[in-house]
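Peer 1: Shown below is the structure under consideration.
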Amino acid sequence: MTMNLLLINARLVTMQKVTMQNDSDGYQVQDAQFVHVCDGKIIQMGPMQACPEMDVLQTLDCEHKLVTPGLIDCHTHLVFAGNRANEFEQRLMGVAYEEIARQGGGIMSTVKATREASEQTLLTNALRHLSGLIKDGVTTVEVKSGYGLTLESELKMLRVAKQLEQHAKIKVSTTLLAAHAVPPEFKDDADAYINYVCEQIIPAAVSAKLVDYVDVFCEGIGFNLKQTEQVFATALSFGLGIKGHTEQLSHLGGSALAAKMGASSVDHIEYLDAEGVNALAENGTVATLLPGAFYFLRETQLPPIQCLREAKVPMALASDFNPGTSPIASLLTIMNMGCTLFRLTPEEALRGVTCHAAQALGIAAKRGQIKVGYEADFALWNVTHPAHLCYEIGTPLLHARILNGVLCDD
Ligand code: DI6
Ligand code: FE
């Protein structure tokens, strides 16, 4: 039997991009709409007066609540062990993030804890953090590895990321970030580590079918342009997508390199210059903004928002949830930060966590909009206008989530 669901009296914000001319398409509220879902996909939608008589398994009266696409958090480091509260305290006493990293703390302290942790512990931790995102209406989450830095522990992280789909009502996209930091085993020989990533870790992750994208931390405390290019080239040769942590703390040119090689997104980009913005525009690369890390590191260099707008580069917005620079498991808080810190409009913020986040994950043809043919992942909200999602922090705004046309019980 086919599973079907009929939403009635929905106050829809579809995020549909009808034309490229009207930038506001899909953000206008359309009240009193129906959406008919069959086998997890939207098969028909329109105003209530046009709703045909039909025999459905389940009808859900939305009572004029706002219905948006389920939110997509397109950049997280959700799987790890331990926490870095002590480092937070150290930074408040004046030690810089990069200094802590150089002393073997920072990313390395999470690597140590993650290597030692069992899959069960990692899963339990990740589910706890994921529950924060789920409360904010997230239905798709991207999860990166990068706290293992050995073949076994990187694959362990990716397996846990995939297992989240069995233990929570969520869709997961996985990204291999083995090139996150140079592990102690390869101290002073980043080139040798990159060879290991390319010759062993990427092929193993591919044959275990654990990975959708490959990411690199291209930075002074990460990897240089040549090493970044080598990882991307290897990923592409295996048919994987690429994305980058680029221009976060300094300008190395990683964003332009990634874009020219066909990256679907470049993330952070506080130090991106005009030339870099052009490279994104020319190659259809999404600019993913991560205001949580900006806030938490008390960064003052703003990403080139106005330049990105003018070049019509799609901007995504994500939590970057991680223990070191963005321990913020709330995508609605991140939307607020996008508006207050980066001066995004609430419309840009909502696009950033729906249609543009989908584009950053290469799934824009099936998620991130409420549209016939698309997957039926929705968030129902106790608000009447979408700007409210960016405005109020802490009050539970979510009424319910729907995943593949099924009402979630969370
Ligand atoms: N940039 C970040 O902000 C995170 N990774 C990265 O490349 C931080 C990761 C950490 O500090 O644990
Ligand atoms: Fe990150």
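Just remember, in the structure tokens the first chain shown is A, the second B, etc., residues are 1-based per chain, and ligands are 1-based in the order shown.
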What parts of range 162-283 of chain A does DSSP call alpha helix (DSSP H)? I'd like the answer as an MDAnalysis selection string.
Peer 2: chainID A and resid 162:167 190:196 202:207 225:237 254:260 274:283
Peer 1: Using only C-alpha atoms, which protein or nucleic acid residues come within 7 Å of range 296-313 of chain A? Drop anything in the same chain fewer than 3 positions from it, and give the result as a PyMOL selection string.
Peer 2: chain A and resi 269-272+277+280-281+286-287+292-293+325-326+342
Peer 1: Take the selection from the previous step and output its residues with all heavy atoms, as a CSV table (one decimal), in the first residue's frame.
Peer 2:
```csv
chain,number,residue,atom,x,y,z
A,269,ILE,N,35.1,31.5,5.1
A,269,ILE,CA,35.4,32.6,4.1
A,269,ILE,C,35.4,34.1,4.7
A,269,ILE,O,35.2,35.0,3.9
A,269,ILE,CB,34.5,32.6,2.9
A,269,ILE,CG1,33.1,32.7,3.2
A,269,ILE,CG2,34.8,31.3,2.1
A,269,ILE,CD1,32.2,32.9,2.0
A,270,GLU,N,35.8,34.2,6.0
A,270,GLU,CA,35.9,35.6,6.5
A,270,GLU,C,36.9,36.4,5.7
A,270,GLU,O,36.8,37.6,5.5
A,270,GLU,CB,36.2,35.6,8.0
A,270,GLU,CG,35.1,35.4,8.9
A,270,GLU,CD,34.7,33.9,9.1
A,270,GLU,OE1,35.1,33.0,8.3
A,270,GLU,OE2,33.9,33.6,10.1
A,271,TYR,N,38.0,35.7,5.3
A,271,TYR,CA,39.1,36.5,4.7
A,271,TYR,C,39.1,36.4,3.1
A,271,TYR,O,40.1,36.7,2.5
A,271,TYR,CB,40.5,35.9,5.2
A,271,TYR,CG,40.7,36.4,6.7
A,271,TYR,CD1,40.1,35.7,7.7
A,271,TYR,CD2,41.4,37.5,6.9
A,271,TYR,CE1,40.3,36.2,9.0
A,271,TYR,CE2,41.6,38.0,8.3
A,271,TYR,CZ,41.0,37.3,9.3
A,271,TYR,OH,41.2,37.7,10.6
A,272,LEU,N,37.9,36.0,2.6
A,272,LEU,CA,37.8,35.9,1.1
A,272,LEU,C,37.9,37.3,0.5
A,272,LEU,O,37.3,38.3,1.0
A,272,LEU,CB,36.4,35.3,0.8
A,272,LEU,CG,36.2,35.0,-0.7
A,272,LEU,CD1,37.1,33.9,-1.2
A,272,LEU,CD2,34.7,34.5,-0.9
A,277,VAL,N,35.6,35.9,-4.6
A,277,VAL,CA,34.2,36.0,-4.8
A,277,VAL,C,33.8,35.7,-6.3
A,277,VAL,O,32.9,34.9,-6.6
A,277,VAL,CB,33.6,37.3,-4.4
A,277,VAL,CG1,32.1,37.5,-4.8
A,277,VAL,CG2,33.7,37.5,-2.8
A,280,LEU,N,33.9,32.1,-7.1
A,280,LEU,CA,32.7,31.4,-6.7
A,280,LEU,C,31.6,31.6,-7.7
A,280,LEU,O,30.9,30.7,-8.1
A,280,LEU,CB,32.2,31.8,-5.3
A,280,LEU,CG,33.2,31.8,-4.1
A,280,LEU,CD1,32.5,31.9,-2.8
A,280,LEU,CD2,34.0,30.5,-4.1
A,281,ALA,N,31.4,32.9,-8.0
A,281,ALA,CA,30.3,33.2,-9.0
A,281,ALA,C,30.5,32.5,-10.3
A,281,ALA,O,29.5,31.9,-10.9
A,281,ALA,CB,30.3,34.7,-9.2
A,286,VAL,N,28.7,27.5,-3.7
A,286,VAL,CA,28.0,28.2,-2.7
A,286,VAL,C,29.0,28.7,-1.6
A,286,VAL,O,30.0,28.0,-1.3
A,286,VAL,CB,27.0,27.1,-2.0
A,286,VAL,CG1,26.3,27.7,-0.8
A,286,VAL,CG2,26.0,26.6,-3.0
A,287,ALA,N,28.7,29.9,-1.1
A,287,ALA,CA,29.4,30.4,0.1
A,287,ALA,C,28.7,30.1,1.3
A,287,ALA,O,27.6,30.5,1.6
A,287,ALA,CB,29.5,32.0,-0.1
A,292,GLY,N,28.6,31.0,13.9
A,292,GLY,CA,28.9,30.5,15.2
A,292,GLY,C,30.4,30.5,15.6
A,292,GLY,O,30.8,30.9,16.7
A,293,ALA,N,31.2,30.1,14.6
A,293,ALA,CA,32.7,30.1,14.8
A,293,ALA,C,33.2,31.6,14.9
A,293,ALA,O,34.1,31.9,15.7
A,293,ALA,CB,33.4,29.3,13.7
A,325,THR,N,35.2,25.5,18.2
A,325,THR,CA,35.0,26.9,17.7
A,325,THR,C,33.5,27.2,17.6
A,325,THR,O,33.1,28.3,17.3
A,325,THR,CB,35.7,27.1,16.4
A,325,THR,OG1,35.1,26.3,15.4
A,325,THR,CG2,37.2,26.9,16.5
A,326,SER,N,32.6,26.2,17.7
A,326,SER,CA,31.2,26.5,17.6
A,326,SER,C,30.3,25.4,18.3
A,326,SER,O,29.6,24.7,17.7
A,326,SER,CB,30.8,26.5,16.1
A,326,SER,OG,29.5,27.1,16.0
A,342,PHE,N,26.3,39.2,10.8
A,342,PHE,CA,26.7,39.4,9.4
A,342,PHE,C,25.7,40.3,8.6
A,342,PHE,O,25.8,40.5,7.4
A,342,PHE,CB,26.7,38.0,8.7
A,342,PHE,CG,27.8,37.1,9.1
A,342,PHE,CD1,27.9,35.8,8.7
A,342,PHE,CD2,28.8,37.6,10.0
A,342,PHE,CE1,28.9,35.0,9.1
A,342,PHE,CE2,29.9,36.7,10.4
A,342,PHE,CZ,29.9,35.4,10.0
```
Peer 1: Taking only C-alpha atoms and all ligand atoms into account, name the residue in A:Met335, A:Val231, A:Val182, A:Ile363 that is nearest to ligand 1.
Peer 2: A:Val182
Peer 1: Give me, as a tab-separated table, the closest atom pair and its distance (Å, one decimal) for every residue of chain A within a cut-off of 6 Å of ligand 1, counting only C-alpha atoms and all ligand atoms, rows sorted by chain and rising number.
Peer 2:
```
residue	atom	partner	partner_atom_place_in_ligand_line	distance
A:Gly106	CA	ligand 1	11 (O)	5.3
A:Ile107	CA	ligand 1	12 (O)	4.1
A:His180	CA	ligand 1	7 (O)	5.9
A:Phe217	CA	ligand 1	7 (O)	4.9
A:His245	CA	ligand 1	7 (O)	5.7
A:Ala293	CA	ligand 1	3 (O)	5.7
A:Asn322	CA	ligand 1	12 (O)	5.9
A:Pro323	CA	ligand 1	12 (O)	5.5
A:Gly324	CA	ligand 1	11 (O)	3.6
A:Thr325	CA	ligand 1	3 (O)	5.0
```
Peer 1: Extract the full set of strand (DSSP E or B) residues from range 229-318 of chain A according to DSSP on the backbone, and format it as number ranges by chain.
Peer 2: A: 241-246, 265-268, 286-289, 315-317
Peer 1: Store the residues of this selection in a file with N, CA and C atoms, as a PDB file, in the first residue's frame.
Peer 2:
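Saved result, selection.pdb, follows:
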```pdb
ATOM      1  N   GLY A 241      32.315  14.520  -4.442  1.00  0.00           N
ATOM      2  CA  GLY A 241      32.240  15.977  -4.458  1.00  0.00           C
ATOM      3  C   GLY A 241      33.292  16.547  -3.520  1.00  0.00           C
ATOM      4  N   ILE A 242      33.588  17.829  -3.699  1.00  0.00           N
ATOM      5  CA  ILE A 242      34.574  18.478  -2.819  1.00  0.00           C
ATOM      6  C   ILE A 242      34.003  19.762  -2.211  1.00  0.00           C
ATOM      7  N   LYS A 243      34.521  20.105  -1.021  1.00  0.00           N
ATOM      8  CA  LYS A 243      34.185  21.367  -0.354  1.00  0.00           C
ATOM      9  C   LYS A 243      35.356  21.739   0.554  1.00  0.00           C
ATOM     10  N   GLY A 244      35.429  22.994   0.947  1.00  0.00           N
ATOM     11  CA  GLY A 244      36.621  23.409   1.688  1.00  0.00           C
ATOM     12  C   GLY A 244      36.340  24.251   2.914  1.00  0.00           C
ATOM     13  N   HIS A 245      37.191  24.081   3.951  1.00  0.00           N
ATOM     14  CA  HIS A 245      37.285  25.047   5.050  1.00  0.00           C
ATOM     15  C   HIS A 245      38.344  26.037   4.583  1.00  0.00           C
ATOM     16  N   THR A 246      37.922  27.184   4.107  1.00  0.00           N
ATOM     17  CA  THR A 246      38.879  28.085   3.464  1.00  0.00           C
ATOM     18  C   THR A 246      38.729  29.522   3.949  1.00  0.00           C
ATOM     19  N   SER A 265      30.761  23.869  -2.250  1.00  0.00           N
ATOM     20  CA  SER A 265      30.744  25.003  -1.326  1.00  0.00           C
ATOM     21  C   SER A 265      32.145  25.280  -0.805  1.00  0.00           C
ATOM     22  N   VAL A 266      32.345  26.526  -0.370  1.00  0.00           N
ATOM     23  CA  VAL A 266      33.522  26.880   0.433  1.00  0.00           C
ATOM     24  C   VAL A 266      32.985  27.522   1.698  1.00  0.00           C
ATOM     25  N   ASP A 267      33.578  27.163   2.829  1.00  0.00           N
ATOM     26  CA  ASP A 267      32.955  27.454   4.110  1.00  0.00           C
ATOM     27  C   ASP A 267      33.858  28.294   5.009  1.00  0.00           C
ATOM     28  N   HIS A 268      33.250  29.166   5.787  1.00  0.00           N
ATOM     29  CA  HIS A 268      33.874  30.174   6.666  1.00  0.00           C
ATOM     30  C   HIS A 268      34.068  31.473   5.891  1.00  0.00           C
ATOM     31  N   VAL A 286      28.738  27.516  -3.742  1.00  0.00           N
ATOM     32  CA  VAL A 286      27.994  28.153  -2.655  1.00  0.00           C
ATOM     33  C   VAL A 286      28.972  28.682  -1.602  1.00  0.00           C
ATOM     34  N   ALA A 287      28.665  29.868  -1.055  1.00  0.00           N
ATOM     35  CA  ALA A 287      29.446  30.433   0.054  1.00  0.00           C
ATOM     36  C   ALA A 287      28.733  30.057   1.349  1.00  0.00           C
ATOM     37  N   THR A 288      29.348  29.202   2.148  1.00  0.00           N
ATOM     38  CA  THR A 288      28.705  28.799   3.406  1.00  0.00           C
ATOM     39  C   THR A 288      29.243  29.631   4.563  1.00  0.00           C
ATOM     40  N   LEU A 289      28.355  30.370   5.204  1.00  0.00           N
ATOM     41  CA  LEU A 289      28.728  31.268   6.298  1.00  0.00           C
ATOM     42  C   LEU A 289      28.520  30.562   7.630  1.00  0.00           C
ATOM     43  N   MET A 315      24.302  32.048  -0.722  1.00  0.00           N
ATOM     44  CA  MET A 315      24.914  31.951   0.603  1.00  0.00           C
ATOM     45  C   MET A 315      24.157  30.936   1.454  1.00  0.00           C
ATOM     46  N   ALA A 316      24.879  29.939   1.954  1.00  0.00           N
ATOM     47  CA  ALA A 316      24.294  28.993   2.911  1.00  0.00           C
ATOM     48  C   ALA A 316      24.725  29.417   4.307  1.00  0.00           C
ATOM     49  N   LEU A 317      24.029  28.889   5.291  1.00  0.00           N
ATOM     50  CA  LEU A 317      24.294  29.246   6.677  1.00  0.00           C
ATOM     51  C   LEU A 317      24.271  27.945   7.473  1.00  0.00           C
TER      52      LEU A 317
END
```
Peer 1: At a cut-off of 7 Å and counting only C-alpha atoms and all ligand atoms, what residues surround ligand 2? Please answer as a VMD selection string.
Peer 2: chain A and resid 75 to 77 245 320
Peer 1: Please determine, counting only C-alpha atoms, which residue among A:Tyr97, A:Phe34, A:Phe378, A:Tyr147 has the shortest atom-to-atom distance to Ser109 in chain A.
Peer 2: A:Tyr147
Peer 1: Skip range 63-70 of chain A itself and residues of its chain fewer than 3 positions away, then list as a tab-separated table (two decimals) with C-alpha atoms, in the first residue's frame all residues within 7 Å of it, counting only C-alpha atoms.
Peer 2:
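Okay, out_34.tsv is ready:
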```tsv
chain	number	residue	atom	x	y	z
A	9	ASN	CA	-4.63	24.78	6.05
A	10	ALA	CA	-0.88	25.22	5.78
A	11	ARG	CA	0.74	28.65	5.84
A	12	LEU	CA	3.45	27.87	3.32
A	13	VAL	CA	6.85	29.38	2.76
A	14	THR	CA	7.99	27.22	-0.14
A	31	ASP	CA	-1.82	30.87	3.64
A	32	ALA	CA	-4.57	28.22	3.37
A	137	GLY	CA	13.40	21.76	12.77
A	138	VAL	CA	16.48	20.26	11.11
A	139	THR	CA	15.69	17.27	8.86
A	354	THR	CA	16.97	25.54	3.10
A	368	GLY	CA	15.34	22.51	0.49
A	369	GLN	CA	12.10	23.65	-1.17
A	370	ILE	CA	8.42	22.75	-0.90
A	377	ASP	CA	10.56	17.06	4.72
A	378	PHE	CA	8.85	19.94	6.53
A	379	ALA	CA	9.08	22.00	9.68
A	380	LEU	CA	5.83	23.32	11.22
A	381	TRP	CA	6.28	26.39	13.39
A	382	ASN	CA	4.36	28.23	16.09
A	383	VAL	CA	4.98	31.55	14.36
A	384	THR	CA	3.13	33.45	11.65
```
